[in-house]
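Contents: one structure, followed by commentary.
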Protein chains: 2
Amino acid sequence: MQVKIKDVAKRAGVSVTTVSRVLNGEKYVKDDLRAKVNRVIEELGYTPSQIARSLVRKKTNLIGVIVPDLTSSFYSTILSSIERVASENEYNLLVCNISEDIDKELKYLNVFQEMRVEGIIIMHEKINEPIRQFIHKIRIPVIFSSVKPMDQSFVSVIVDDYKAAYEATRYLIELGHDAIGFIGGDMRDITSGQNRYSGYRNAMTDQGKKLVYEHIRFGDYKVQSGYDQMKELLRIDNPPTAVFAVSDDMAVGAINCIRDQGLRVPEDISVMGFDGSQLTELVRPALTSMEQPIQEMGQVTMNVLLQQIAGESEQAGDVVLAHRIAVRESCRSIQQ
Amino acid sequence: MQVKIKDVAKRAGVSVTTVSRVLNGEKYVKDDLRAKVNRVIEELGYTPSQIARSLVRKKTNLIGVIVPDLTSSFYSTILSSIERVASENEYNLLVCNISEDIDKELKYLNVFQEMRVEGIIIMHEKINEPIRQFIHKIRIPVIFSSVKPMDQSFVSVIVDDYKAAYEATRYLIELGHDAIGFIGGDMRDITSGQNRYSGYRNAMTDQGKKLVYEHIRFGDYKVQSGYDQMKELLRIDNPPTAVFAVSDDMAVGAINCIRDQGLRVPEDISVMGFDGSQLTELVRPALTSMEQPIQEMGQVTMNVLLQQIAGESEQAGDVVLAHRIAVRESCRSIQQ
DNA sequence: CTGAAAGCGCTTACAG
DNA sequence: CTGAAAGCGCTTACAG
């Protein structure tokens, strides 16, 4: 049996109330009693139960986090920032990985509720109707990080994806490219699907560039799909001289495909990514990318959530963070 | 206020015992009562408190996991497997990231104990004396994954690092290389430091190869250190024709360095990695690597821990998993 | 400064 | 099949 507060009290010859007081560092405990209690705690190797404490205090210090893919460098970097801020504030993370499995998500949200987590972070925008309703019903603060789900009433910490994609495309145009291929994401995703696609389209047409049907393709953000989609782009008669992929992973896949076909990056084709993940500096040529402030994103997410938990600011709308182009080696200027 | 079991009982006109019974799917509840209780639960949106339940059942369904670096693809892949097995068994993960901060580790172990987790997984071998004692004292099953700490009494799920490094080196020798550089890890680490180094040394001397002082360097497993150490190797008069780095990250760093110096891989220098992380297939040339079964490692770790929790097998020694060489493009055979 | 008692929200013998 | 009561291990008014 675990030793409990009662055992400590008995051995120290005081009441459990007193033991509880020294445990919680309250004053109004005479020094000699405090010393004795501490000695007994040490002797018995007593550790208070957070479970019991949570029950009476109605405070668990738990945050539930739902990650779409733990093995992704993008999400695990955000998670790592979240963890840092959480631990600085004495919060612990209950981490769930839902790999595309939307049923698992609902199950986990239920678990989170049963565990009485104080807040929930979701890095996933594919929410279905039951999940949407669940989030509305639940009285625990929920915040989305790096994604923006369909329901406008949910709060997200994101970059302006439309603007970021617009600027990325314009950057390629300014480099002299006319035919710019696009490897998009899932069009059901607002953030990384629709908004980035619109940004690309509008940048093209605003600068008087032709949108070419064959130059526009969609993947699933992962390396392999970047590779596959690039293969299709290379198959057409006049392939683009530059390609903008809406994730660094897809951009790396595209680069690999181009090189496996005997072409060079950026000499033959320029490639631009999106995200600013660790990969950008690992690959050769190093990847030019429209970067999200990944670390900051995790940090801000956790801070906003903390405020919501404290009941301070009812965070009206989304928090929009700054994006920026990180120029590396994968895009080059074209002579007119 | 959260609705509680008492509210449900009152509204349904039954005792809390009965509500508890339908909640836990016990039989011996008349169908009409069960139906009524379920209806009220639905109406009131009642969710049972895991906290209260844990307190009385003395079972939290919580596993504590300590990860040295969440952003590392190696650890996050293991974590992802652990999560899958855990969730299949109704366990939830409390995840802590200790970035080199050994004090944070002790603090977290304490939190785990207070949270009454049922088991602890550690992916980190740099344990100091207080931590060592803590683990011995605590009456919660602890298991190490992918690492082997100094204390032989702790159980680990690992590969045979000595043998793996031996075979990796022998592979390069069989390819015809005489001068094989080595980029090792931290020599205070048994698994990835000492054992891999011994494997390299013995493979070299067993095959009659000369150990060259200048060919042996040590990094910290990360990309940048692979880059830096490779730079040193290239600085000497007769640089090695092949390099074995004890992590894929360092191998990638080495490749980048070699290429940034205007040399080619594998034409000028062959590079072999260790781990079998996702990176191996992302980079060009794709990285030949001594692979650990990363996914299986997480899975086995969780399964063994689950058995320990169930009190079934007292897992005597370590669990040693099979390694294998995955040949890709970064090593080539040398003409004698 | 200290302690007896109630209560947090459940489950589990025990009795019927 | 059902319910009253005790108890899980703490904290927190309340009284002294």
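Simple scheme: letters A, B, ... for chains in structure tokens order, numbers from 1 for residues in each chain, numbers from 1 for ligands in the order shown.
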Chain B on chain A, least-squares, complete ordered Cα pairing, as an mmCIF file with C-alpha atoms, in the first residue's frame:
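Final output, result-v9.cif:
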data_model
loop_
_atom_site.group_PDB
_atom_site.id
_atom_site.type_symbol
_atom_site.label_atom_id
_atom_site.label_comp_id
_atom_site.auth_asym_id
_atom_site.auth_seq_id
_atom_site.Cartn_x
_atom_site.Cartn_y
_atom_site.Cartn_z
ATOM 1 C CA MET B 1 0.006 0.017 0.006
ATOM 2 C CA GLN B 2 0.972 3.545 -0.820
ATOM 3 C CA VAL B 3 1.567 5.659 2.275
ATOM 4 C CA LYS B 4 -1.056 8.347 2.674
ATOM 5 C CA ILE B 5 -1.464 11.586 4.499
ATOM 6 C CA LYS B 6 -3.095 9.819 7.437
ATOM 7 C CA ASP B 7 -0.009 7.672 7.967
ATOM 8 C CA VAL B 8 2.180 10.725 8.007
ATOM 9 C CA ALA B 9 -0.129 12.482 10.467
ATOM 10 C CA LYS B 10 -0.214 9.525 12.803
ATOM 11 C CA ARG B 11 3.531 9.041 12.820
ATOM 12 C CA ALA B 12 4.191 12.745 13.278
ATOM 13 C CA GLY B 13 1.570 13.013 15.999
ATOM 14 C CA VAL B 14 -0.361 15.800 14.281
ATOM 15 C CA SER B 15 -3.642 16.085 12.399
ATOM 16 C CA VAL B 16 -3.939 15.489 8.680
ATOM 17 C CA THR B 17 -4.883 19.138 8.395
ATOM 18 C CA THR B 18 -1.457 20.116 9.624
ATOM 19 C CA VAL B 19 0.273 17.738 7.251
ATOM 20 C CA SER B 20 -1.781 19.142 4.418
ATOM 21 C CA ARG B 21 -0.708 22.607 5.471
ATOM 22 C CA VAL B 22 2.984 21.877 5.346
ATOM 23 C CA LEU B 23 2.510 20.035 2.070
ATOM 24 C CA ASN B 24 0.997 23.131 0.574
ATOM 25 C CA GLY B 25 3.511 25.493 2.101
ATOM 26 C CA GLU B 26 0.938 27.432 4.088
ATOM 27 C CA LYS B 27 2.226 29.551 6.887
ATOM 28 C CA TYR B 28 0.669 29.344 10.324
ATOM 29 C CA VAL B 29 2.423 26.115 11.133
ATOM 30 C CA LYS B 30 4.900 26.229 13.989
ATOM 31 C CA ASP B 31 8.431 25.582 12.874
ATOM 32 C CA ASP B 32 8.967 22.519 15.033
ATOM 33 C CA LEU B 33 5.796 20.849 13.778
ATOM 34 C CA ARG B 34 6.682 21.663 10.219
ATOM 35 C CA ALA B 35 10.133 20.190 10.711
ATOM 36 C CA LYS B 36 8.757 17.047 12.276
ATOM 37 C CA VAL B 37 6.206 16.559 9.514
ATOM 38 C CA ASN B 38 8.849 17.036 6.845
ATOM 39 C CA ARG B 39 11.051 14.496 8.563
ATOM 40 C CA VAL B 40 8.274 11.913 8.627
ATOM 41 C CA ILE B 41 7.425 12.585 4.983
ATOM 42 C CA GLU B 42 11.052 11.888 4.171
ATOM 43 C CA GLU B 43 11.175 8.751 6.323
ATOM 44 C CA LEU B 44 8.031 7.283 4.873
ATOM 45 C CA GLY B 45 8.783 8.397 1.314
ATOM 46 C CA TYR B 46 5.365 9.967 1.115
ATOM 47 C CA THR B 47 4.142 11.473 -2.137
ATOM 48 C CA PRO B 48 0.796 13.244 -2.158
ATOM 49 C CA SER B 49 -1.818 12.006 -4.603
ATOM 50 C CA GLN B 50 -2.603 14.455 -7.359
ATOM 51 C CA ILE B 51 -5.725 12.452 -8.041
ATOM 52 C CA ALA B 52 -7.213 13.088 -4.627
ATOM 53 C CA ARG B 53 -6.045 16.665 -4.739
ATOM 54 C CA SER B 54 -7.591 17.238 -8.147
ATOM 55 C CA LEU B 55 -10.885 15.856 -6.968
ATOM 56 C CA VAL B 56 -11.297 18.291 -4.156
ATOM 57 C CA ARG B 57 -9.665 21.280 -5.787
ATOM 58 C CA LYS B 58 -11.487 20.709 -9.061
ATOM 59 C CA LYS B 59 -8.260 21.429 -10.852
ATOM 60 C CA THR B 60 -6.273 18.838 -12.748
ATOM 61 C CA ASN B 61 -3.472 20.877 -14.325
ATOM 62 C CA LEU B 62 -3.982 18.779 -17.418
ATOM 63 C CA ILE B 63 -4.117 19.938 -21.031
ATOM 64 C CA GLY B 64 -5.273 17.609 -23.781
ATOM 65 C CA VAL B 65 -3.499 17.843 -27.119
ATOM 66 C CA ILE B 66 -4.614 16.247 -30.358
ATOM 67 C CA VAL B 67 -1.915 15.887 -32.994
ATOM 68 C CA PRO B 68 -2.665 14.599 -36.494
ATOM 69 C CA ASP B 69 0.779 13.070 -36.933
ATOM 70 C CA LEU B 70 3.431 12.888 -34.265
ATOM 71 C CA THR B 71 6.113 11.856 -36.718
ATOM 72 C CA SER B 72 5.726 15.079 -38.688
ATOM 73 C CA SER B 73 8.464 17.542 -37.923
ATOM 74 C CA PHE B 74 6.017 20.444 -38.221
ATOM 75 C CA TYR B 75 3.598 19.216 -35.583
ATOM 76 C CA SER B 76 6.194 17.818 -33.250
ATOM 77 C CA THR B 77 7.967 21.165 -33.232
ATOM 78 C CA ILE B 78 4.751 22.938 -32.289
ATOM 79 C CA LEU B 79 4.100 20.277 -29.672
ATOM 80 C CA SER B 80 7.533 20.774 -28.248
ATOM 81 C CA SER B 81 6.922 24.515 -27.738
ATOM 82 C CA ILE B 82 3.541 23.807 -26.230
ATOM 83 C CA GLU B 83 5.144 21.394 -23.823
ATOM 84 C CA ARG B 84 7.725 23.926 -22.745
ATOM 85 C CA VAL B 85 5.202 26.632 -21.928
ATOM 86 C CA ALA B 86 2.910 24.118 -20.270
ATOM 87 C CA SER B 87 5.612 22.783 -18.022
ATOM 88 C CA GLU B 88 6.696 26.297 -17.090
ATOM 89 C CA ASN B 89 3.155 26.808 -15.865
ATOM 90 C CA GLU B 90 2.906 23.516 -14.020
ATOM 91 C CA TYR B 91 0.627 21.989 -16.604
ATOM 92 C CA ASN B 92 0.949 18.481 -17.948
ATOM 93 C CA LEU B 93 0.119 17.283 -21.423
ATOM 94 C CA LEU B 94 -2.111 14.412 -22.358
ATOM 95 C CA VAL B 95 -1.041 13.701 -25.920
ATOM 96 C CA CYS B 96 -3.107 11.918 -28.526
ATOM 97 C CA ASN B 97 -2.090 11.040 -32.030
ATOM 98 C CA ILE B 98 -4.946 10.638 -34.482
ATOM 99 C CA SER B 99 -3.574 9.427 -37.740
ATOM 100 C CA GLU B 100 -6.392 10.392 -40.068
ATOM 101 C CA ASP B 101 -8.721 8.442 -37.822
ATOM 102 C CA ILE B 102 -11.530 10.847 -37.144
ATOM 103 C CA ASP B 103 -13.342 8.404 -34.878
ATOM 104 C CA LYS B 104 -10.319 8.288 -32.669
ATOM 105 C CA GLU B 105 -10.570 12.045 -32.319
ATOM 106 C CA LEU B 106 -14.079 11.971 -30.899
ATOM 107 C CA LYS B 107 -13.126 9.168 -28.593
ATOM 108 C CA TYR B 108 -10.168 11.190 -27.331
ATOM 109 C CA LEU B 109 -12.212 14.323 -26.828
ATOM 110 C CA ASN B 110 -14.461 12.244 -24.634
ATOM 111 C CA VAL B 111 -11.519 10.923 -22.690
ATOM 112 C CA PHE B 112 -10.262 14.476 -22.254
ATOM 113 C CA GLN B 113 -13.595 15.467 -20.848
ATOM 114 C CA GLU B 114 -13.682 12.531 -18.481
ATOM 115 C CA MET B 115 -10.163 13.329 -17.373
ATOM 116 C CA ARG B 116 -11.386 16.852 -16.674
ATOM 117 C CA VAL B 117 -8.563 18.468 -18.624
ATOM 118 C CA GLU B 118 -8.588 22.223 -18.214
ATOM 119 C CA GLY B 119 -8.020 22.999 -21.872
ATOM 120 C CA ILE B 120 -7.758 21.312 -25.258
ATOM 121 C CA ILE B 121 -5.458 22.019 -28.187
ATOM 122 C CA ILE B 122 -6.283 20.625 -31.608
ATOM 123 C CA MET B 123 -3.887 20.703 -34.562
ATOM 124 C CA HIS B 124 -6.286 19.341 -37.078
ATOM 125 C CA GLU B 125 -8.988 20.952 -39.126
ATOM 126 C CA LYS B 126 -10.895 17.984 -40.466
ATOM 127 C CA ILE B 127 -13.671 18.117 -37.922
ATOM 128 C CA ASN B 128 -16.971 16.440 -38.671
ATOM 129 C CA GLU B 129 -20.396 17.333 -37.366
ATOM 130 C CA PRO B 130 -20.337 15.264 -34.140
ATOM 131 C CA ILE B 131 -16.970 16.752 -33.257
ATOM 132 C CA ARG B 132 -18.173 20.246 -34.048
ATOM 133 C CA GLN B 133 -21.160 19.817 -31.767
ATOM 134 C CA PHE B 134 -19.064 18.260 -29.063
ATOM 135 C CA ILE B 135 -16.720 21.231 -29.005
ATOM 136 C CA HIS B 136 -19.635 23.623 -28.832
ATOM 137 C CA LYS B 137 -21.239 21.729 -25.989
ATOM 138 C CA ILE B 138 -18.179 21.145 -23.876
ATOM 139 C CA ARG B 139 -17.376 23.774 -21.279
ATOM 140 C CA ILE B 140 -13.627 23.414 -21.571
ATOM 141 C CA PRO B 141 -11.625 25.986 -23.541
ATOM 142 C CA VAL B 142 -10.617 24.614 -26.953
ATOM 143 C CA ILE B 143 -8.066 26.196 -29.232
ATOM 144 C CA PHE B 144 -6.835 25.251 -32.686
ATOM 145 C CA SER B 145 -3.190 25.574 -33.502
ATOM 146 C CA SER B 146 -1.850 26.101 -37.033
ATOM 147 C CA VAL B 147 -5.213 25.197 -38.529
ATOM 148 C CA LYS B 148 -8.585 26.827 -39.029
ATOM 149 C CA PRO B 149 -11.613 24.555 -39.073
ATOM 150 C CA MET B 150 -14.816 25.287 -40.964
ATOM 151 C CA ASP B 151 -16.647 26.600 -37.930
ATOM 152 C CA GLN B 152 -15.817 30.295 -37.677
ATOM 153 C CA SER B 153 -16.654 30.456 -33.987
ATOM 154 C CA PHE B 154 -13.619 28.419 -32.993
ATOM 155 C CA VAL B 155 -10.420 30.262 -32.224
ATOM 156 C CA SER B 156 -7.186 29.477 -34.022
ATOM 157 C CA VAL B 157 -3.583 30.518 -33.850
ATOM 158 C CA ILE B 158 -2.481 30.713 -37.464
ATOM 159 C CA VAL B 159 -0.701 32.698 -40.125
ATOM 160 C CA ASP B 160 -2.586 34.445 -42.901
ATOM 161 C CA ASP B 161 -2.402 31.563 -45.330
ATOM 162 C CA TYR B 162 -3.934 33.456 -48.192
ATOM 163 C CA LYS B 163 -1.489 36.302 -47.928
ATOM 164 C CA ALA B 164 1.450 33.991 -47.336
ATOM 165 C CA ALA B 165 0.683 31.954 -50.436
ATOM 166 C CA TYR B 166 0.078 35.138 -52.390
ATOM 167 C CA GLU B 167 3.465 36.505 -51.440
ATOM 168 C CA ALA B 168 5.234 33.241 -52.087
ATOM 169 C CA THR B 169 3.801 33.133 -55.582
ATOM 170 C CA ARG B 170 4.600 36.790 -56.177
ATOM 171 C CA TYR B 171 8.161 36.104 -55.109
ATOM 172 C CA LEU B 172 8.502 33.494 -57.835
ATOM 173 C CA ILE B 173 6.941 35.867 -60.344
ATOM 174 C CA GLU B 174 9.397 38.576 -59.353
ATOM 175 C CA LEU B 175 12.172 36.097 -59.981
ATOM 176 C CA GLY B 176 10.984 36.133 -63.573
ATOM 177 C CA HIS B 177 8.919 32.962 -63.717
ATOM 178 C CA ASP B 178 5.823 32.872 -65.898
ATOM 179 C CA ALA B 179 4.859 29.263 -65.685
ATOM 180 C CA ILE B 180 4.536 28.502 -62.010
ATOM 181 C CA GLY B 181 3.272 25.111 -61.012
ATOM 182 C CA PHE B 182 1.273 24.619 -57.848
ATOM 183 C CA ILE B 183 1.106 21.580 -55.605
ATOM 184 C CA GLY B 184 -1.732 22.241 -53.196
ATOM 185 C CA GLY B 185 -3.268 20.453 -50.264
ATOM 186 C CA ASP B 186 -6.684 19.123 -49.451
ATOM 187 C CA MET B 187 -9.332 21.560 -50.709
ATOM 188 C CA ARG B 188 -11.559 20.648 -47.790
ATOM 189 C CA ASP B 189 -8.985 22.284 -45.535
ATOM 190 C CA ILE B 190 -9.580 25.974 -45.235
ATOM 191 C CA THR B 191 -6.190 27.007 -43.994
ATOM 192 C CA SER B 192 -3.747 24.948 -45.928
ATOM 193 C CA GLY B 193 -6.073 23.892 -48.720
ATOM 194 C CA GLN B 194 -8.366 26.659 -49.911
ATOM 195 C CA ASN B 195 -6.572 29.754 -48.671
ATOM 196 C CA ARG B 196 -3.196 28.816 -50.044
ATOM 197 C CA TYR B 197 -4.729 27.914 -53.349
ATOM 198 C CA SER B 198 -6.587 31.225 -53.577
ATOM 199 C CA GLY B 199 -3.401 33.047 -52.726
ATOM 200 C CA TYR B 200 -1.635 31.354 -55.591
ATOM 201 C CA ARG B 201 -4.448 31.992 -58.069
ATOM 202 C CA ASN B 202 -4.844 35.640 -57.226
ATOM 203 C CA ALA B 203 -1.144 36.354 -57.226
ATOM 204 C CA MET B 204 -0.934 34.842 -60.679
ATOM 205 C CA THR B 205 -3.858 36.676 -62.188
ATOM 206 C CA ASP B 206 -3.057 39.966 -60.428
ATOM 207 C CA GLN B 207 0.332 39.916 -62.101
ATOM 208 C CA GLY B 208 -1.168 39.030 -65.420
ATOM 209 C CA LYS B 209 0.042 35.442 -65.470
ATOM 210 C CA LYS B 210 -1.946 32.720 -67.120
ATOM 211 C CA LEU B 211 -3.390 30.013 -64.939
ATOM 212 C CA VAL B 212 -2.660 26.697 -66.612
ATOM 213 C CA TYR B 213 -4.929 23.847 -65.712
ATOM 214 C CA GLU B 214 -2.191 21.244 -66.062
ATOM 215 C CA HIS B 215 0.096 23.166 -63.730
ATOM 216 C CA ILE B 216 -2.210 22.834 -60.769
ATOM 217 C CA ARG B 217 -2.160 19.661 -58.718
ATOM 218 C CA PHE B 218 -3.086 18.556 -55.233
ATOM 219 C CA GLY B 219 -1.354 16.297 -52.737
ATOM 220 C CA ASP B 220 -1.696 15.397 -49.081
ATOM 221 C CA TYR B 221 1.183 17.485 -47.657
ATOM 222 C CA LYS B 222 3.500 14.504 -47.376
ATOM 223 C CA VAL B 223 6.782 13.884 -49.157
ATOM 224 C CA GLN B 224 5.549 11.082 -51.323
ATOM 225 C CA SER B 225 2.638 13.066 -52.695
ATOM 226 C CA GLY B 226 4.981 15.926 -53.579
ATOM 227 C CA TYR B 227 7.043 13.416 -55.487
ATOM 228 C CA ASP B 228 4.068 11.941 -57.268
ATOM 229 C CA GLN B 229 2.475 15.249 -58.194
ATOM 230 C CA MET B 230 5.779 16.581 -59.472
ATOM 231 C CA LYS B 231 6.084 13.560 -61.686
ATOM 232 C CA GLU B 232 2.778 14.506 -63.270
ATOM 233 C CA LEU B 233 3.950 18.088 -63.747
ATOM 234 C CA LEU B 234 7.055 16.869 -65.548
ATOM 235 C CA ARG B 235 4.981 14.704 -67.799
ATOM 236 C CA ILE B 236 3.270 17.591 -69.564
ATOM 237 C CA ASP B 237 4.700 19.237 -72.641
ATOM 238 C CA ASN B 238 5.811 22.552 -71.218
ATOM 239 C CA PRO B 239 6.481 21.950 -67.591
ATOM 240 C CA PRO B 240 6.609 24.979 -65.292
ATOM 241 C CA THR B 241 9.947 26.622 -64.556
ATOM 242 C CA ALA B 242 9.033 27.026 -60.911
ATOM 243 C CA VAL B 243 6.842 25.099 -58.513
ATOM 244 C CA PHE B 244 5.226 26.253 -55.314
ATOM 245 C CA ALA B 245 4.315 23.420 -52.942
ATOM 246 C CA VAL B 246 2.199 24.225 -49.906
ATOM 247 C CA SER B 247 4.289 22.151 -47.516
ATOM 248 C CA ASP B 248 8.024 21.707 -47.148
ATOM 249 C CA ASP B 249 7.569 17.962 -47.195
ATOM 250 C CA MET B 250 5.901 18.095 -50.605
ATOM 251 C CA ALA B 251 8.556 20.521 -51.825
ATOM 252 C CA VAL B 252 11.266 18.064 -50.827
ATOM 253 C CA GLY B 253 9.397 15.309 -52.609
ATOM 254 C CA ALA B 254 9.190 17.522 -55.685
ATOM 255 C CA ILE B 255 12.918 18.251 -55.589
ATOM 256 C CA ASN B 256 13.731 14.574 -55.314
ATOM 257 C CA CYS B 257 11.500 13.789 -58.236
ATOM 258 C CA ILE B 258 13.040 16.493 -60.383
ATOM 259 C CA ARG B 259 16.524 15.229 -59.654
ATOM 260 C CA ASP B 260 15.598 11.604 -60.111
ATOM 261 C CA GLN B 261 14.450 12.635 -63.604
ATOM 262 C CA GLY B 262 17.893 14.008 -64.306
ATOM 263 C CA LEU B 263 17.007 17.687 -63.953
ATOM 264 C CA ARG B 264 18.533 20.172 -61.559
ATOM 265 C CA VAL B 265 17.122 22.429 -58.870
ATOM 266 C CA PRO B 266 17.163 25.382 -59.168
ATOM 267 C CA GLU B 267 18.932 25.509 -62.547
ATOM 268 C CA ASP B 268 16.135 23.792 -64.439
ATOM 269 C CA ILE B 269 13.238 24.212 -62.052
ATOM 270 C CA SER B 270 12.870 26.354 -58.941
ATOM 271 C CA VAL B 271 11.000 24.900 -55.982
ATOM 272 C CA MET B 272 9.465 26.787 -53.100
ATOM 273 C CA GLY B 273 8.060 25.239 -49.947
ATOM 274 C CA PHE B 274 5.762 26.293 -47.157
ATOM 275 C CA ASP B 275 6.097 25.860 -43.358
ATOM 276 C CA GLY B 276 9.708 26.477 -42.458
ATOM 277 C CA SER B 277 10.263 23.033 -40.985
ATOM 278 C CA GLN B 278 13.632 21.616 -40.000
ATOM 279 C CA LEU B 279 13.875 19.932 -43.367
ATOM 280 C CA THR B 280 14.515 23.200 -45.183
ATOM 281 C CA GLU B 281 18.087 23.329 -43.967
ATOM 282 C CA LEU B 282 18.765 19.612 -44.111
ATOM 283 C CA VAL B 283 18.193 19.053 -47.792
ATOM 284 C CA ARG B 284 20.408 20.109 -50.677
ATOM 285 C CA PRO B 285 19.736 22.469 -52.256
ATOM 286 C CA ALA B 286 18.485 24.035 -49.042
ATOM 287 C CA LEU B 287 14.823 24.810 -49.455
ATOM 288 C CA THR B 288 13.493 28.326 -49.960
ATOM 289 C CA SER B 289 10.247 28.406 -48.022
ATOM 290 C CA MET B 290 7.368 30.561 -46.898
ATOM 291 C CA GLU B 291 7.869 30.128 -43.208
ATOM 292 C CA GLN B 292 5.380 29.998 -40.405
ATOM 293 C CA PRO B 293 6.767 30.902 -36.995
ATOM 294 C CA ILE B 294 6.430 27.330 -35.799
ATOM 295 C CA GLN B 295 7.904 27.663 -32.361
ATOM 296 C CA GLU B 296 6.087 30.894 -31.648
ATOM 297 C CA MET B 297 2.888 29.263 -32.811
ATOM 298 C CA GLY B 298 3.065 26.619 -30.103
ATOM 299 C CA GLN B 299 4.036 29.157 -27.521
ATOM 300 C CA VAL B 300 1.239 31.579 -28.359
ATOM 301 C CA THR B 301 -1.289 28.771 -28.528
ATOM 302 C CA MET B 302 -0.449 27.654 -25.029
ATOM 303 C CA ASN B 303 -0.401 31.199 -23.684
ATOM 304 C CA VAL B 304 -3.784 32.069 -25.121
ATOM 305 C CA LEU B 305 -5.201 28.828 -23.784
ATOM 306 C CA LEU B 306 -3.768 29.593 -20.375
ATOM 307 C CA GLN B 307 -5.513 32.957 -20.408
ATOM 308 C CA GLN B 308 -8.767 31.342 -21.391
ATOM 309 C CA ILE B 309 -8.413 28.881 -18.561
ATOM 310 C CA ALA B 310 -7.735 31.703 -16.155
ATOM 311 C CA GLY B 311 -10.910 33.267 -17.502
ATOM 312 C CA GLU B 312 -9.069 36.423 -18.337
ATOM 313 C CA SER B 313 -9.456 37.328 -21.971
ATOM 314 C CA GLU B 314 -12.241 35.657 -23.875
ATOM 315 C CA GLN B 315 -10.010 35.748 -27.001
ATOM 316 C CA ALA B 316 -12.479 37.117 -29.499
ATOM 317 C CA GLY B 317 -11.064 36.125 -32.876
ATOM 318 C CA ASP B 318 -8.091 34.265 -34.250
ATOM 319 C CA VAL B 319 -4.517 35.103 -33.426
ATOM 320 C CA VAL B 320 -2.660 35.763 -36.665
ATOM 321 C CA LEU B 321 1.098 35.434 -36.600
ATOM 322 C CA ALA B 322 3.628 36.841 -39.058
ATOM 323 C CA HIS B 323 4.948 34.756 -41.940
ATOM 324 C CA ARG B 324 8.122 35.417 -43.873
ATOM 325 C CA ILE B 325 10.026 34.138 -46.865
ATOM 326 C CA ALA B 326 13.277 32.425 -45.975
ATOM 327 C CA VAL B 327 15.431 32.533 -49.082
ATOM 328 C CA ARG B 328 17.772 29.569 -49.438
ATOM 329 C CA GLU B 329 19.006 27.790 -52.517
ATOM 330 C CA SER B 330 16.083 26.176 -54.288
ATOM 331 C CA CYS B 331 14.755 29.123 -56.279
ATOM 332 C CA ARG B 332 16.612 31.143 -58.852
ATOM 333 C CA SER B 333 15.961 34.163 -60.949
ATOM 334 C CA ILE B 334 15.229 33.677 -64.621
ATOM 335 C CA GLN B 335 16.676 35.852 -67.375
ATOM 336 C CA GLN B 336 13.911 37.446 -69.356
#
From a DSSP calculation on the backbone, collect every residue of region 167-249 of chain A in strand (DSSP E or B) and output the set as number ranges by chain.
-> A: 180-184, 216-218, 242-245
Filtering to N, CA and C atoms, could you give me those residues as a tab-separated table (two decimals), in the first residue's frame?
chain	number	residue	atom	x	y	z
A	180	ILE	N	4.29	28.91	-63.39
A	180	ILE	CA	4.55	28.49	-62.02
A	180	ILE	C	3.57	27.38	-61.64
A	181	GLY	N	4.11	26.22	-61.42
A	181	GLY	CA	3.27	25.10	-61.02
A	181	GLY	C	2.86	25.22	-59.57
A	182	PHE	N	1.78	24.55	-59.22
A	182	PHE	CA	1.27	24.62	-57.85
A	182	PHE	C	0.94	23.21	-57.37
A	183	ILE	N	1.49	22.86	-56.23
A	183	ILE	CA	1.10	21.59	-55.61
A	183	ILE	C	0.39	21.93	-54.31
A	184	GLY	N	-0.91	21.82	-54.33
A	184	GLY	CA	-1.73	22.24	-53.20
A	184	GLY	C	-2.00	21.12	-52.21
A	216	ILE	N	-1.64	22.80	-62.13
A	216	ILE	CA	-2.21	22.82	-60.77
A	216	ILE	C	-2.57	21.42	-60.31
A	217	ARG	N	-1.95	21.02	-59.22
A	217	ARG	CA	-2.17	19.66	-58.72
A	217	ARG	C	-2.35	19.69	-57.20
A	218	PHE	N	-2.86	18.60	-56.67
A	218	PHE	CA	-3.09	18.57	-55.22
A	218	PHE	C	-2.56	17.29	-54.58
A	242	ALA	N	9.00	26.90	-62.38
A	242	ALA	CA	9.04	27.01	-60.92
A	242	ALA	C	7.81	26.30	-60.36
A	243	VAL	N	7.96	25.77	-59.16
A	243	VAL	CA	6.84	25.08	-58.51
A	243	VAL	C	6.72	25.56	-57.08
A	244	PHE	N	5.50	25.86	-56.69
A	244	PHE	CA	5.23	26.25	-55.31
A	244	PHE	C	4.42	25.13	-54.67
A	245	ALA	N	5.02	24.49	-53.65
A	245	ALA	CA	4.32	23.42	-52.95
A	245	ALA	C	3.89	23.96	-51.59
Check region 47-289 of chain A with DSSP on the backbone and list each residue it calls helix (DSSP H, G or I), as a PyMOL selection string.
-> chain A and resi 50-57+73-88+102-114+129-137+161-174+190-206+213-215+223-235+248-260+279-282
Define the interface residues of chain D facing chain A as those within 7 Å, counting only C-alpha atoms (C1' of nucleotides), and report them as a PDB file with C-alpha atoms (C1' of nucleotides), in the first residue's frame.
ATOM      1  C1'  DG D   9      -6.895  10.393  -0.206  1.00  0.00           C
ATOM      2  C1'  DC D  10      -6.973  14.645  -0.057  1.00  0.00           C
ATOM      3  C1'  DT D  11      -8.494  20.080   1.140  1.00  0.00           C
TER       4       DT D  11
END
